[in-house]
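Student: Right, I'll just put the structure down here and ask away after.
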Amino acid sequence: MTDEQKTIAFVVYPGLTPLDLVGPLQVLSALAQLDPGYRTVVVGATKDTVGTDTPLRIAPSHTFDEVPSPFAVLVPGGTVPTLRAMSDETLLAWLRTAAAGAELVTSVCTGSLILGAAGLLEGKEATTHWMLRDVLTGLGAKPVARRWVEDGRVITAAGVSAGIDLALHLVERLAGRQVATNVQFVIEYDPEPPQGALEWANQPYGDLKPLREHTLREGLAANPALLAKLLAHA
């Protein structure tokens with residue numbers, strides 16, 4: 001690392017959703033390859049490998065202590081383990097310290113709930129996965145139904161794949177539209193899902209409501225006060 005480099009730190013904790021992390025990491029690592037003024041790191045409480053919500057395991061490149069003052073922070077989301085991470089005081093303390101000096105504080109999917117648990121969304125417009133967007137109110141945020149939501153230096157993305165869009169937006173914000181377009185070509189991001197675009201008026205809320213209920217109750221079983229607070233807005 002040189003003195004001029006700006007560090008973009010991607011947070012790892014047990015049980016996260018890999019694409020929340022790896023999608024934006026791929027985009028912003030491409031920025032770092034094109035512009036040596038940036039570098040990407042993956043940070044965790046230790047450098048030990050941790051599990052995810054898939055068979056993939058991830059090992060951080062740095063510990064929290066090694067990256068106390070990043071230029072930007074990104075927190076990925078997940079399901080039950082992410083809600084458990086909302087009570088991880090080691091993680092929350094690092095986020096509060098890092099965010100105090102960071103120019104960008106960002107998240108993907110339910111990673112915004114961790115930001116909220118750290119007290120970083122108070123009074124901010126924010127988003128998360130559509131199934132849990134309403135509980136952001138219980139964390140002091142103002143829920144917004146958009147692909148990503150920018151409120152000053154805090155930028156939150158909706159579910160999983162929205163993290164790639166967020167990251168491309170960050171590249172444009174940091175390095176301009178042409179560089180962002182170049183990165184988009186590098187990763188060949190031009191999605192054409194076989195099912196076509198989602199029809200948000202027909203979102204399967206009823207079908208997935210049991211999953212939502214399980215995620216909240218299982219993830220926050222050890223923190224009944226926070227569970228009650230979030231359920232009041234669910």
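Chain labels run A, B, ... following the order of the structure tokens; each chain numbers its residues from 1, and ligands are numbered from 1 in the order shown.
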I'd like the contact shell of Ala167 of chain A - 8 Å cut-off, only C-alpha atoms, skipping same-chain residues fewer than 2 positions apart - returned as an NGL selection string.

Tutor: :A and (24 or 27-28 or 163-165 or 169-171)

Student: For the residues in that selection, give me N, CA and C atoms as a PDB file, in the first residue's frame.

Tutor:
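See selection27.pdb below for the written result:
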ATOM      1  N   PRO A  24     -19.633  -6.964  -5.799  1.00  0.00           N
ATOM      2  CA  PRO A  24     -19.011  -5.638  -5.677  1.00  0.00           C
ATOM      3  C   PRO A  24     -17.488  -5.692  -5.601  1.00  0.00           C
ATOM      4  N   VAL A  27     -16.094  -5.822  -9.073  1.00  0.00           N
ATOM      5  CA  VAL A  27     -16.213  -4.514  -9.738  1.00  0.00           C
ATOM      6  C   VAL A  27     -15.148  -3.554  -9.224  1.00  0.00           C
ATOM      7  N   LEU A  28     -15.017  -3.441  -7.924  1.00  0.00           N
ATOM      8  CA  LEU A  28     -14.108  -2.446  -7.360  1.00  0.00           C
ATOM      9  C   LEU A  28     -12.650  -2.893  -7.421  1.00  0.00           C
ATOM     10  N   GLY A 163     -25.948  -5.428  -5.556  1.00  0.00           N
ATOM     11  CA  GLY A 163     -24.623  -5.002  -5.147  1.00  0.00           C
ATOM     12  C   GLY A 163     -23.715  -4.689  -6.321  1.00  0.00           C
ATOM     13  N   ILE A 164     -23.908  -5.374  -7.443  1.00  0.00           N
ATOM     14  CA  ILE A 164     -23.106  -5.084  -8.634  1.00  0.00           C
ATOM     15  C   ILE A 164     -23.456  -3.704  -9.165  1.00  0.00           C
ATOM     16  N   ASP A 165     -24.745  -3.382  -9.185  1.00  0.00           N
ATOM     17  CA  ASP A 165     -25.171  -2.051  -9.627  1.00  0.00           C
ATOM     18  C   ASP A 165     -24.618  -0.976  -8.694  1.00  0.00           C
ATOM     19  N   HIS A 169     -22.049   2.054  -9.652  1.00  0.00           N
ATOM     20  CA  HIS A 169     -22.353   3.447  -9.287  1.00  0.00           C
ATOM     21  C   HIS A 169     -21.192   4.065  -8.512  1.00  0.00           C
ATOM     22  N   LEU A 170     -20.587   3.285  -7.604  1.00  0.00           N
ATOM     23  CA  LEU A 170     -19.445   3.794  -6.848  1.00  0.00           C
ATOM     24  C   LEU A 170     -18.272   4.099  -7.771  1.00  0.00           C
ATOM     25  N   VAL A 171     -18.025   3.224  -8.752  1.00  0.00           N
ATOM     26  CA  VAL A 171     -16.939   3.478  -9.697  1.00  0.00           C
ATOM     27  C   VAL A 171     -17.194   4.777 -10.447  1.00  0.00           C
TER      28      VAL A 171
END

Student: Which segment 25-84 of chain A residues have any atom within 12 Å of an atom of segment 104-119 of chain A, and for each, what is the nearest pair of atoms with distance in Å to one decimal, counting only C-alpha atoms, rows sorted by chain and number, as JSON lines?

Tutor:
{"residue": "A:Leu25", "atom": "CA", "partner": "A:Val108", "partner_atom": "CA", "distance": 11.5}
{"residue": "A:Ser69", "atom": "CA", "partner": "A:Leu104", "partner_atom": "CA", "distance": 11.5}
{"residue": "A:Pro70", "atom": "CA", "partner": "A:Leu104", "partner_atom": "CA", "distance": 9.1}
{"residue": "A:Phe71", "atom": "CA", "partner": "A:Leu104", "partner_atom": "CA", "distance": 6.7}
{"residue": "A:Ala72", "atom": "CA", "partner": "A:Leu104", "partner_atom": "CA", "distance": 4.5}
{"residue": "A:Val73", "atom": "CA", "partner": "A:Val105", "partner_atom": "CA", "distance": 5.0}
{"residue": "A:Leu74", "atom": "CA", "partner": "A:Thr106", "partner_atom": "CA", "distance": 4.6}
{"residue": "A:Val75", "atom": "CA", "partner": "A:Ser107", "partner_atom": "CA", "distance": 4.5}
{"residue": "A:Pro76", "atom": "CA", "partner": "A:Gly111", "partner_atom": "CA", "distance": 4.7}
{"residue": "A:Gly77", "atom": "CA", "partner": "A:Gly111", "partner_atom": "CA", "distance": 3.9}
{"residue": "A:Gly78", "atom": "CA", "partner": "A:Thr110", "partner_atom": "CA", "distance": 6.0}
{"residue": "A:Thr79", "atom": "CA", "partner": "A:Thr110", "partner_atom": "CA", "distance": 7.5}
{"residue": "A:Val80", "atom": "CA", "partner": "A:Thr110", "partner_atom": "CA", "distance": 10.1}
{"residue": "A:Pro81", "atom": "CA", "partner": "A:Thr110", "partner_atom": "CA", "distance": 10.5}
{"residue": "A:Thr82", "atom": "CA", "partner": "A:Thr110", "partner_atom": "CA", "distance": 7.1}
{"residue": "A:Leu83", "atom": "CA", "partner": "A:Ile114", "partner_atom": "CA", "distance": 7.5}
{"residue": "A:Arg84", "atom": "CA", "partner": "A:Ile114", "partner_atom": "CA", "distance": 9.3}

Student: Hey, what's within 9 Å of segment 133-135 of chain A if we count only C-alpha atoms and toss same-chain stuff fewer than 2 positions away? As a list in words, please?

Tutor: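 The contact residues come out as Thr110, Leu113, Ala126, Thr127, Thr128, His129, Trp130, Met131, Thr137, Gly138, Leu139, Ala141, Lys142, Pro143, Val144, Ala145, Ala158, Lys229, Leu230, Leu231, Ala232, His233 and Ala234 of chain A.
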
Student: At a cut-off of 12 Å, using only C-alpha atoms, what residues contact Leu208 of chain A? Leave out same-chain residues fewer than 5 positions from it and give the result as a ChimeraX atom specification.

Tutor: /A:130-132,203,213-215

Student: Running DSSP on the backbone, which parts of chain A land in alpha helix (DSSP H), as number ranges by chain?

Tutor: A: 18-34, 80-85, 89-101, 111-117, 162-175, 177-186, 205-219, 224-231

Student: Got a sec: who's within 12 Å of Asn182 of chain A, counting only C-alpha atoms, leaving out chain neighbours fewer than 3 positions off, as a PyMOL selection string?

Tutor: chain A and resi 27-28+30-31+33-35+168+171-172+175-179+185-189

Student: Would you export the selected residues with N, CA, C and O atoms as a short mmCIF file (atom, residue, chain, number, x, y, z; two decimals), in the first residue's frame, please?

Tutor:
data_model
loop_
_atom_site.label_atom_id
_atom_site.label_comp_id
_atom_site.auth_asym_id
_atom_site.auth_seq_id
_atom_site.Cartn_x
_atom_site.Cartn_y
_atom_site.Cartn_z
N VAL A 27 -16.09 -5.82 -9.07
CA VAL A 27 -16.21 -4.51 -9.74
C VAL A 27 -15.15 -3.55 -9.22
O VAL A 27 -14.43 -2.91 -10.01
N LEU A 28 -15.02 -3.44 -7.92
CA LEU A 28 -14.11 -2.45 -7.36
C LEU A 28 -12.65 -2.89 -7.42
O LEU A 28 -11.75 -2.06 -7.43
N ALA A 30 -11.61 -4.31 -10.12
CA ALA A 30 -11.32 -3.87 -11.49
C ALA A 30 -10.96 -2.38 -11.51
O ALA A 30 -10.04 -1.96 -12.22
N LEU A 31 -11.67 -1.59 -10.69
CA LEU A 31 -11.31 -0.18 -10.56
C LEU A 31 -9.87 -0.05 -10.07
O LEU A 31 -9.09 0.76 -10.59
N GLN A 33 -7.46 -2.06 -10.45
CA GLN A 33 -6.52 -2.44 -11.51
C GLN A 33 -6.35 -1.31 -12.52
O GLN A 33 -5.26 -1.11 -13.06
N LEU A 34 -7.44 -0.57 -12.76
CA LEU A 34 -7.38 0.52 -13.72
C LEU A 34 -6.83 1.80 -13.12
O LEU A 34 -6.27 2.64 -13.82
N ASP A 35 -7.00 1.97 -11.81
CA ASP A 35 -6.57 3.19 -11.12
C ASP A 35 -5.80 2.79 -9.86
O ASP A 35 -6.41 2.39 -8.86
N LEU A 168 -20.92 -0.45 -9.45
CA LEU A 168 -20.71 0.32 -10.68
C LEU A 168 -21.03 1.79 -10.46
O LEU A 168 -20.36 2.68 -10.99
N VAL A 171 -18.02 3.22 -8.75
CA VAL A 171 -16.94 3.48 -9.70
C VAL A 171 -17.19 4.78 -10.45
O VAL A 171 -16.28 5.61 -10.62
N GLU A 172 -18.43 4.98 -10.89
CA GLU A 172 -18.73 6.22 -11.60
C GLU A 172 -18.56 7.43 -10.68
O GLU A 172 -18.03 8.46 -11.11
N ALA A 175 -14.57 7.63 -10.19
CA ALA A 175 -13.64 7.74 -11.32
C ALA A 175 -14.27 8.20 -12.62
O ALA A 175 -13.58 8.34 -13.63
N GLY A 176 -15.58 8.45 -12.61
CA GLY A 176 -16.22 8.96 -13.81
C GLY A 176 -16.95 7.89 -14.61
O GLY A 176 -16.71 6.69 -14.46
N ARG A 177 -17.82 8.36 -15.48
CA ARG A 177 -18.70 7.45 -16.23
C ARG A 177 -17.92 6.53 -17.18
O ARG A 177 -18.24 5.36 -17.32
N GLN A 178 -16.88 7.07 -17.84
CA GLN A 178 -16.17 6.24 -18.80
C GLN A 178 -15.45 5.07 -18.13
O GLN A 178 -15.46 3.95 -18.63
N VAL A 179 -14.84 5.34 -16.98
CA VAL A 179 -14.18 4.26 -16.25
C VAL A 179 -15.21 3.22 -15.81
O VAL A 179 -14.98 2.00 -15.90
N PHE A 185 -17.71 -3.33 -19.02
CA PHE A 185 -17.28 -4.19 -20.12
C PHE A 185 -16.31 -5.27 -19.63
O PHE A 185 -16.37 -6.42 -20.09
N VAL A 186 -15.42 -4.90 -18.72
CA VAL A 186 -14.46 -5.88 -18.19
C VAL A 186 -15.19 -7.07 -17.58
O VAL A 186 -14.81 -8.23 -17.80
N ILE A 187 -16.23 -6.81 -16.79
CA ILE A 187 -16.95 -7.91 -16.14
C ILE A 187 -18.10 -8.41 -17.01
O ILE A 187 -18.83 -9.33 -16.61
N GLU A 188 -18.27 -7.82 -18.19
CA GLU A 188 -19.33 -8.18 -19.14
C GLU A 188 -20.69 -8.27 -18.44
O GLU A 188 -21.40 -9.27 -18.51
N TYR A 189 -21.01 -7.18 -17.77
CA TYR A 189 -22.27 -7.13 -17.03
C TYR A 189 -23.36 -6.56 -17.93
O TYR A 189 -23.47 -5.35 -18.12
#

Student: Would you compute the distance between atom CA of Lys124 of chain A and atom CA of Glu199 of chain A? Give it in Å to one decimal.

Tutor: 27.3 Å

Student: Could you find all residues in segment 19-224 of chain A that DSSP calls strand (DSSP E or B) from the backbone, and write them as a VMD selection string?

Tutor: chain A and resid 38 to 44 50 to 52 57 to 58 62 to 63 72 to 75 104 to 108 125 to 126 142 to 143 148 to 151 154 to 157

Student: Given the selection you just returned, output its residues as a file containing C-alpha atoms, formatted as a compact mmCIF listing (two decimals), in the first residue's frame.

Tutor:
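Writing done, so here's result-v6.txt:
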# COMPACT_ATOMS: atom_id res chain seq x y z
CA TYR A 38 -7.44 2.53 -5.01
CA ARG A 39 -6.97 -0.87 -3.41
CA THR A 40 -9.47 -3.44 -2.17
CA VAL A 41 -9.14 -5.49 1.01
CA VAL A 42 -11.37 -8.02 2.73
CA VAL A 43 -11.52 -7.56 6.48
CA GLY A 44 -12.69 -9.70 9.37
CA VAL A 50 -15.42 -18.45 7.68
CA GLY A 51 -18.44 -20.21 6.23
CA THR A 52 -21.09 -18.57 4.09
CA ARG A 57 -15.75 -20.55 2.56
CA ILE A 58 -14.01 -17.15 2.61
CA HIS A 62 -6.76 -8.39 6.68
CA THR A 63 -8.04 -8.14 10.23
CA ALA A 72 -14.83 3.15 2.05
CA VAL A 73 -16.61 0.27 3.74
CA LEU A 74 -18.99 -2.31 2.25
CA VAL A 75 -21.04 -4.69 4.40
CA LEU A 104 -18.30 6.07 1.87
CA VAL A 105 -20.28 3.68 4.06
CA THR A 106 -22.12 1.10 1.96
CA SER A 107 -23.99 -2.17 2.17
CA VAL A 108 -25.65 -4.82 0.06
CA GLU A 125 -32.84 6.97 3.56
CA ALA A 126 -31.86 3.34 2.99
CA LYS A 142 -36.26 5.76 6.18
CA PRO A 143 -36.97 2.75 3.91
CA TRP A 148 -29.70 1.51 -4.44
CA VAL A 149 -30.22 4.52 -2.22
CA GLU A 150 -27.67 7.27 -1.72
CA ASP A 151 -27.99 9.55 1.29
CA VAL A 154 -24.21 6.30 3.11
CA ILE A 155 -25.22 4.17 0.12
CA THR A 156 -27.25 1.00 0.53
CA ALA A 157 -28.25 -1.55 -2.12

Student: Smallest atom-to-atom distance to Leu216 of chain A: which of A:Gln184, A:Trp94, A:Met86, A:Thr7, using only C-alpha atoms?

Tutor: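 For Leu216 of chain A, the nearest of the given residues is A:Met86.
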
Student: Got a sec: who's within 8 Å of Ser161 of chain A, counting only C-alpha atoms, leaving out chain neighbours fewer than 5 positions off, as a list in words?

Tutor: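 The contact residues come out as Leu19, Asp20 and Gly23 of chain A.
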
Student: Calculated over only C-alpha atoms, which of the candidates A:Ser87, A:Thr46, A:Gln195, A:Ser29 has the smallest distance to Ser61 of chain A?

Tutor: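 Checking each candidate against Ser61 of chain A, we get A:Thr46 as the closest.
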
Student: Between atom CA of Gly140 of chain A and atom CA of Asp88 of chain A, what distance in Å does the model show, to one decimal?

Tutor: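 It comes out at 18.9 Å.
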
Student: Pick from A:Leu166, A:Arg146, A:Arg153, A:Pro68: nearest to Ala98 of chain A, with only C-alpha atoms counted?

Tutor: A:Pro68
